[in-house]
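J.: data18.cif is reproduced below (mmCIF, C-alpha atoms).
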```
data_my_file
#
loop_
_atom_site.group_PDB
_atom_site.id
_atom_site.type_symbol
_atom_site.label_atom_id
_atom_site.label_comp_id
_atom_site.auth_asym_id
_atom_site.auth_seq_id
_atom_site.Cartn_x
_atom_site.Cartn_y
_atom_site.Cartn_z
ATOM 1 C CA MET L 1 2.299 -51.625 4.441
ATOM 2 C CA ARG L 2 5.192 -49.172 4.958
ATOM 3 C CA GLY L 3 4.630 -49.266 8.697
ATOM 4 C CA ILE L 4 4.874 -53.045 8.724
ATOM 5 C CA ALA L 5 8.047 -52.966 6.603
ATOM 6 C CA VAL L 6 9.626 -50.404 8.939
ATOM 7 C CA MET L 7 8.575 -52.089 12.164
ATOM 8 C CA ARG L 8 9.393 -55.612 10.933
ATOM 9 C CA PRO L 9 11.982 -55.155 8.169
ATOM 10 C CA THR L 10 12.058 -58.734 6.987
ATOM 11 C CA GLU L 11 13.053 -59.374 3.408
ATOM 12 C CA ALA L 12 9.464 -60.394 2.558
ATOM 13 C CA ASN L 13 7.897 -57.299 4.186
ATOM 14 C CA VAL L 14 10.345 -54.878 2.528
ATOM 15 C CA ARG L 15 9.885 -56.618 -0.851
ATOM 16 C CA ARG L 16 6.042 -56.311 -0.586
ATOM 17 C CA TYR L 17 6.359 -52.646 0.330
ATOM 18 C CA MET L 18 8.768 -51.944 -2.574
ATOM 19 C CA GLU L 19 6.525 -53.792 -5.066
ATOM 20 C CA LEU L 20 3.496 -51.772 -3.920
ATOM 21 C CA GLU L 21 5.478 -48.526 -4.070
ATOM 22 C CA ALA L 22 6.605 -49.335 -7.652
ATOM 23 C CA LYS L 23 2.955 -49.882 -8.684
ATOM 24 C CA VAL L 24 1.885 -46.570 -7.088
ATOM 25 C CA VAL L 25 4.725 -44.679 -8.813
ATOM 26 C CA ALA L 26 3.825 -46.247 -12.192
ATOM 27 C CA GLN L 27 0.153 -45.324 -11.693
ATOM 28 C CA ALA L 28 1.078 -41.773 -10.745
ATOM 29 C CA SER L 29 3.263 -41.476 -13.835
ATOM 30 C CA THR L 30 0.408 -42.695 -16.055
ATOM 31 C CA PHE L 31 -1.941 -40.205 -14.385
ATOM 32 C CA ALA L 32 0.559 -37.357 -14.975
ATOM 33 C CA ASP L 33 0.904 -38.262 -18.670
ATOM 34 C CA VAL L 34 -2.887 -38.362 -19.190
ATOM 35 C CA ALA L 35 -3.358 -35.114 -17.237
ATOM 36 C CA GLN L 36 -0.747 -33.416 -19.410
ATOM 37 C CA ARG L 37 -2.492 -34.531 -22.627
ATOM 38 C CA VAL L 38 -5.837 -33.286 -21.263
ATOM 39 C CA ALA L 39 -4.264 -29.910 -20.422
ATOM 40 C CA TRP L 40 -2.761 -29.637 -23.925
ATOM 41 C CA THR L 41 -6.160 -30.125 -25.544
ATOM 42 C CA THR L 42 -8.197 -28.118 -23.004
ATOM 43 C CA PRO L 43 -6.713 -24.596 -22.708
ATOM 44 C CA GLU L 44 -8.767 -23.636 -19.648
ATOM 45 C CA LEU L 45 -7.167 -26.541 -17.735
ATOM 46 C CA ASP L 46 -3.580 -25.839 -18.844
ATOM 47 C CA PRO L 47 -1.803 -24.188 -15.900
ATOM 48 C CA SER L 48 0.965 -22.908 -18.203
ATOM 49 C CA LEU L 49 -1.618 -20.660 -19.914
ATOM 50 C CA GLN L 50 -2.902 -19.124 -16.673
ATOM 51 C CA GLY L 51 -1.167 -16.074 -15.214
ATOM 52 C CA ARG L 52 2.546 -15.674 -15.825
ATOM 53 C CA PRO L 53 3.724 -17.719 -18.847
ATOM 54 C CA VAL L 54 6.415 -20.356 -18.473
ATOM 55 C CA ASN L 55 7.629 -20.441 -22.095
ATOM 56 C CA ALA L 56 10.623 -18.147 -22.635
ATOM 57 C CA LYS L 57 9.186 -16.400 -25.728
ATOM 58 C CA ALA L 58 5.743 -15.970 -24.156
ATOM 59 C CA LEU L 59 7.432 -14.646 -21.023
ATOM 60 C CA GLU L 60 9.199 -11.976 -23.125
ATOM 61 C CA VAL L 61 5.860 -10.843 -24.556
ATOM 62 C CA PHE L 62 4.202 -10.913 -21.121
ATOM 63 C CA GLU L 63 6.964 -8.848 -19.524
ATOM 64 C CA ALA L 64 6.952 -6.323 -22.382
ATOM 65 C CA GLN L 65 3.195 -5.900 -21.932
ATOM 66 C CA GLN L 66 3.619 -5.542 -18.171
ATOM 67 C CA MET L 67 6.321 -2.909 -18.645
ATOM 68 C CA GLY L 68 4.183 -0.981 -21.161
ATOM 69 C CA ASP L 69 1.159 -1.060 -18.855
ATOM 70 C CA ARG L 70 3.228 0.063 -15.894
ATOM 71 C CA SER L 71 4.866 2.829 -17.912
ATOM 72 C CA ARG L 72 1.453 4.189 -18.978
ATOM 73 C CA SER L 73 0.227 3.961 -15.389
ATOM 74 C CA ILE L 74 3.245 5.897 -14.135
ATOM 75 C CA ALA L 75 2.827 8.550 -16.832
ATOM 76 C CA GLU L 76 -0.737 9.041 -15.539
ATOM 77 C CA LEU L 77 0.547 9.210 -11.960
ATOM 78 C CA GLY L 78 3.048 11.849 -13.094
ATOM 79 C CA ARG L 79 0.202 14.320 -13.569
ATOM 80 C CA ASP L 80 -0.209 14.770 -9.803
ATOM 81 C CA HIS L 81 2.613 12.763 -8.183
ATOM 82 C CA VAL L 82 6.378 13.198 -7.874
ATOM 83 C CA LEU L 83 9.204 10.953 -6.782
ATOM 84 C CA LEU L 84 11.167 12.224 -3.803
ATOM 85 C CA PHE L 85 14.792 11.170 -4.119
ATOM 86 C CA PHE L 86 16.798 11.524 -0.909
ATOM 87 C CA PHE L 87 20.585 11.396 -1.355
ATOM 88 C CA ARG L 88 23.916 12.506 0.024
ATOM 89 C CA GLY L 89 26.556 14.077 -2.181
ATOM 90 C CA ASP L 90 29.248 11.789 -0.743
ATOM 91 C CA CYS L 91 27.261 8.578 -1.324
ATOM 92 C CA PRO L 92 28.668 6.439 -4.177
ATOM 93 C CA TYR L 93 25.401 4.467 -4.376
ATOM 94 C CA CYS L 94 23.468 7.699 -4.851
ATOM 95 C CA HIS L 95 25.810 8.664 -7.688
ATOM 96 C CA ALA L 96 25.337 5.222 -9.266
ATOM 97 C CA PHE L 97 21.533 5.413 -8.937
ATOM 98 C CA ALA L 98 21.074 9.026 -10.100
ATOM 99 C CA PRO L 99 21.413 8.296 -13.865
ATOM 100 C CA THR L 100 18.757 5.563 -13.593
ATOM 101 C CA LEU L 101 16.353 7.962 -11.899
ATOM 102 C CA GLU L 102 17.134 10.729 -14.377
ATOM 103 C CA ALA L 103 16.434 8.386 -17.320
ATOM 104 C CA PHE L 104 13.313 7.054 -15.566
ATOM 105 C CA GLN L 105 12.005 10.597 -15.205
ATOM 106 C CA GLY L 106 12.504 11.288 -18.901
ATOM 107 C CA ARG L 107 11.157 7.969 -20.112
ATOM 108 C CA HIS L 108 8.055 7.707 -17.910
ATOM 109 C CA GLY L 109 7.075 11.332 -17.397
ATOM 110 C CA ILE L 110 7.112 11.502 -13.622
ATOM 111 C CA ARG L 111 9.094 14.343 -12.059
ATOM 112 C CA VAL L 112 11.886 13.536 -9.604
ATOM 113 C CA GLU L 113 12.400 16.005 -6.758
ATOM 114 C CA ALA L 114 15.923 15.463 -5.429
ATOM 115 C CA VAL L 115 16.558 16.229 -1.752
ATOM 116 C CA SER L 116 20.135 16.483 -0.503
ATOM 117 C CA LEU L 117 20.672 15.415 3.098
ATOM 118 C CA ASP L 118 24.155 16.951 3.279
ATOM 119 C CA GLY L 119 23.891 19.874 0.867
ATOM 120 C CA GLY L 120 25.951 17.953 -1.702
ATOM 121 C CA ALA L 121 25.121 17.714 -5.382
ATOM 122 C CA LEU L 122 24.586 15.001 -7.971
ATOM 123 C CA PRO L 123 24.991 15.219 -11.749
ATOM 124 C CA GLY L 124 21.580 15.437 -13.392
ATOM 125 C CA PHE L 125 19.949 16.960 -10.329
ATOM 126 C CA ALA L 126 21.345 20.485 -10.259
ATOM 127 C CA SER L 127 18.129 21.866 -8.744
ATOM 128 C CA ALA L 128 18.213 19.520 -5.748
ATOM 129 C CA ARG L 129 16.803 21.006 -2.564
ATOM 130 C CA ARG L 130 18.468 20.863 0.806
ATOM 131 C CA ASP L 131 16.532 18.701 3.289
ATOM 132 C CA ASN L 132 14.090 20.745 5.370
ATOM 133 C CA GLY L 133 13.326 18.014 7.913
ATOM 134 C CA ALA L 134 11.327 15.732 5.631
ATOM 135 C CA ALA L 135 13.993 13.017 5.846
ATOM 136 C CA THR L 136 13.643 12.951 9.627
ATOM 137 C CA ALA L 137 9.839 12.922 9.415
ATOM 138 C CA LEU L 138 9.961 10.039 6.928
ATOM 139 C CA ARG L 139 12.664 8.254 8.964
ATOM 140 C CA VAL L 140 15.066 8.106 6.031
ATOM 141 C CA ALA L 141 17.913 6.114 7.553
ATOM 142 C CA GLN L 142 19.542 4.925 4.318
ATOM 143 C CA VAL L 143 20.214 6.576 0.979
ATOM 144 C CA PRO L 144 19.452 6.513 -1.814
ATOM 145 C CA ALA L 145 15.786 6.538 -0.835
ATOM 146 C CA VAL L 146 12.779 7.013 -3.117
ATOM 147 C CA TYR L 147 9.232 7.913 -2.110
ATOM 148 C CA LEU L 148 6.099 8.466 -4.194
ATOM 149 C CA ALA L 149 4.416 11.715 -3.150
ATOM 150 C CA GLN L 150 1.173 13.407 -4.083
ATOM 151 C CA PRO L 151 1.886 17.026 -3.109
ATOM 152 C CA PHE L 152 -1.726 18.237 -3.200
ATOM 153 C CA THR L 153 -2.851 15.657 -0.645
ATOM 154 C CA GLY L 154 0.401 15.233 1.279
ATOM 155 C CA ARG L 155 0.341 11.459 0.748
ATOM 156 C CA ILE L 156 3.791 9.885 0.675
ATOM 157 C CA VAL L 157 4.621 6.185 0.363
ATOM 158 C CA PRO L 158 8.061 4.545 0.324
ATOM 159 C CA ILE L 159 9.204 2.970 -2.953
ATOM 160 C CA GLY L 160 12.617 1.636 -1.997
ATOM 161 C CA PHE L 161 16.086 2.126 -0.625
ATOM 162 C CA GLY L 162 19.418 1.469 -2.246
ATOM 163 C CA VAL L 163 20.212 1.210 -5.935
ATOM 164 C CA LEU L 164 17.135 0.049 -7.873
ATOM 165 C CA SER L 165 16.790 -0.891 -11.533
ATOM 166 C CA GLU L 166 14.248 0.715 -13.843
ATOM 167 C CA SER L 167 12.116 -2.435 -13.825
ATOM 168 C CA GLN L 168 12.147 -2.466 -10.004
ATOM 169 C CA LEU L 169 11.051 1.172 -9.969
ATOM 170 C CA LEU L 170 8.233 0.416 -12.413
ATOM 171 C CA GLU L 171 7.027 -2.546 -10.389
ATOM 172 C CA ARG L 172 7.254 -0.837 -7.014
ATOM 173 C CA ILE L 173 5.651 2.439 -8.086
ATOM 174 C CA SER L 174 2.787 0.547 -9.740
ATOM 175 C CA ALA L 175 2.297 -1.495 -6.577
ATOM 176 C CA ALA L 176 2.508 1.584 -4.346
ATOM 177 C CA ALA L 177 -0.148 3.348 -6.407
ATOM 178 C CA ALA L 178 -2.551 0.410 -6.075
ATOM 179 C CA PRO L 179 -5.385 0.913 -3.567
ATOM 180 C CA ALA L 180 -4.544 -2.320 -1.706
ATOM 181 C CA PHE L 181 -1.004 -1.067 -1.012
ATOM 182 C CA GLU L 182 -2.265 2.331 0.123
ATOM 183 C CA ALA L 183 -4.339 0.596 2.787
ATOM 184 C CA MET L 184 -1.215 -1.171 4.127
ATOM 185 C CA VAL L 185 0.913 1.979 4.513
ATOM 186 C CA PRO L 186 0.544 3.577 7.956
ATOM 187 C CA SER L 187 -1.459 6.789 7.770
ATOM 188 C CA ALA L 188 1.293 8.689 9.619
ATOM 189 C CA VAL L 189 3.618 8.053 6.660
ATOM 190 C CA ARG L 190 0.962 8.787 4.014
ATOM 191 C CA GLN L 191 -0.006 12.146 5.495
ATOM 192 C CA LEU L 192 3.441 13.734 5.791
ATOM 193 C CA GLY L 193 3.784 16.857 3.692
ATOM 194 C CA ALA L 194 6.189 16.987 0.773
ATOM 195 C CA PRO L 195 9.394 18.947 1.379
#
```
Would you give me this structure, written as structure tokens?
T.:
Amino acid sequence: MRGIAVMRPTEANVRRYMELEAKVVAQASTFADVAQRVAWTTPELDPSLQGRPVNAKALEVFEAQQMGDRSRSIAELGRDHVLLFFFRGDCPYCHAFAPTLEAFQGRHGIRVEAVSLDGGALPGFASARRDNGAATALRVAQVPAVYLAQPFTGRIVPIGFGVLSESQLLERISAAAAPAFEAMVPSAVRQLGAP
């Protein structure tokens, strides 16, 4: 019908097409209304109840649960993992990010090992080590840079570069610790020794 109306756009052909289109739209609207009522009364068919909630209040609860789960997971990781924090003393982004990492360390129980690329210092990380070549081995081209390391196995995976929020750290560390992510990280990066 549309093809006819386009190829021969007479008033009659266009009118027939528009009348048919109006009927289809009305039918689709009726279908959507009925489908919505079915979803409301059948929880297993309601897409708003599956996965991430859409309601603002439910989303708050969901995100609080996610954050709590991730925090517990990171506390467990903290038993045999550390975060490697590469920085430069003259980097304003490193200075801005350092308090977030320091608070993250205290709140989630995972130790942060700070590594200075230029021998400079940052408040909160007085015991920072000078880089011993690990930054070159890990190809750290931008700071601040954070890696998750398991010193006993030598496994190291990148978490992120630049200034990250606490929620980004939680999400990324949780993802990096997942077995599926481990399989994606090149073995050359995973097997580098900690500085």
J.: Rounded to one decimal, what separation in Å do you get between atom CA of L:Ile159 and atom CA of L:Ala96?
T.: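 Atom-to-atom, atom CA of L:Ile159 and atom CA of L:Ala96 are spaced 17.5 Å apart.
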J.: Go through L:Thr136, L:Ala114, L:Val61, L:Ile173 and flag the residue nearest L:Val157, using all atoms listed in the file for the distances.
T.: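 Smallest separation from L:Val157 among the options: L:Ile173.
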J.: Extract, using only C-alpha atoms, all DNA, RNA and protein residues at most 12 Å from L:Arg139, discarding same-chain residues fewer than 2 positions from it, and format them as a VMD selection string.
T.: chain L and resid 86 133 to 137 141 to 143 145 147 157 to 158 161 188 to 189 192
J.: For L:Met67, which residue among L:Glu171, L:Glu113, L:Glu102, L:Asp33 is the nearest when counting only C-alpha atoms?
T.: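 Closest candidate: L:Glu171.
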J.: Rounded to one decimal, what separation in Å do you get between atom CA of L:Asn55 and atom CA of L:Ser73?
T.: 26.4 Å
J.: Tell me, in Å to one decimal, how far atom CA of L:Leu45 is from atom CA of L:Gly68.
T.: 28.2 Å
J.: Residues picked by the PyMOL selection byres ((chain L and resi 118) around 7) here, as an MDAnalysis selection string?
T.: chainID L and resid 88:89 116:117 119:120
J.: Once the PyMOL selection byres ((chain L and resi 78-83) around 9) has been evaluated on this model, what residues remain selected, and can you format them as a PDB file with C-alpha atoms, keeping the file's coordinate frame?
T.:
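result_19.pdb was written with the following content:
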```pdb
ATOM      1  CA  SER L  73       0.227   3.961 -15.389  1.00  0.00           C
ATOM      2  CA  ILE L  74       3.245   5.897 -14.135  1.00  0.00           C
ATOM      3  CA  ALA L  75       2.827   8.550 -16.832  1.00  0.00           C
ATOM      4  CA  GLU L  76      -0.737   9.041 -15.539  1.00  0.00           C
ATOM      5  CA  LEU L  77       0.547   9.210 -11.960  1.00  0.00           C
ATOM      6  CA  LEU L  84      11.167  12.224  -3.803  1.00  0.00           C
ATOM      7  CA  PHE L  85      14.792  11.170  -4.119  1.00  0.00           C
ATOM      8  CA  GLN L 105      12.005  10.597 -15.205  1.00  0.00           C
ATOM      9  CA  HIS L 108       8.055   7.707 -17.910  1.00  0.00           C
ATOM     10  CA  GLY L 109       7.075  11.332 -17.397  1.00  0.00           C
ATOM     11  CA  ILE L 110       7.112  11.502 -13.622  1.00  0.00           C
ATOM     12  CA  ARG L 111       9.094  14.343 -12.059  1.00  0.00           C
ATOM     13  CA  VAL L 112      11.886  13.536  -9.604  1.00  0.00           C
ATOM     14  CA  GLU L 113      12.400  16.005  -6.758  1.00  0.00           C
ATOM     15  CA  ALA L 114      15.923  15.463  -5.429  1.00  0.00           C
ATOM     16  CA  VAL L 146      12.779   7.013  -3.117  1.00  0.00           C
ATOM     17  CA  TYR L 147       9.232   7.913  -2.110  1.00  0.00           C
ATOM     18  CA  LEU L 148       6.099   8.466  -4.194  1.00  0.00           C
ATOM     19  CA  ALA L 149       4.416  11.715  -3.150  1.00  0.00           C
ATOM     20  CA  GLN L 150       1.173  13.407  -4.083  1.00  0.00           C
ATOM     21  CA  PRO L 151       1.886  17.026  -3.109  1.00  0.00           C
ATOM     22  CA  PHE L 152      -1.726  18.237  -3.200  1.00  0.00           C
ATOM     23  CA  ILE L 159       9.204   2.970  -2.953  1.00  0.00           C
TER      24      ILE L 159
END
```
J.: For a quick check of understanding, using all atoms listed in the file, which of L:Gln50, L:Gln27, L:Thr42, L:Gln168 has the smallest distance to L:Phe62?
T.: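 Using all atoms listed in the file, the shortest distance to L:Phe62 belongs to L:Gln50.
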J.: With distances taken over all atoms listed in the file, which residue among L:Leu138, L:Ala103, L:Val14, L:Ala26 lies nearest L:Leu169?
T.: L:Ala103
J.: Find, counting only C-alpha atoms, the residue in L:Val140, L:Pro123, L:Arg172, L:Glu63 that gets nearest to L:Gly51.
T.: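 That would be L:Glu63, the residue with the smallest distance to L:Gly51.
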J.: Write out as a list in words which residues come within 12 Å of L:Gln36 when counting only C-alpha atoms, dropping same-chain ones fewer than 6 positions away.
T.: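 Counting only C-alpha atoms, the residues come to Ser29, Thr30, Thr42, Pro43, Leu45, Asp46, Pro47 and Ser48 of chain L.
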J.: Between L:Cys94, L:Thr100, L:Pro144, L:Arg52, single out the one closest to L:Gly160, counting all atoms listed in the file.
T.: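 Looking at the shortest contact to L:Gly160, the residue is L:Pro144.
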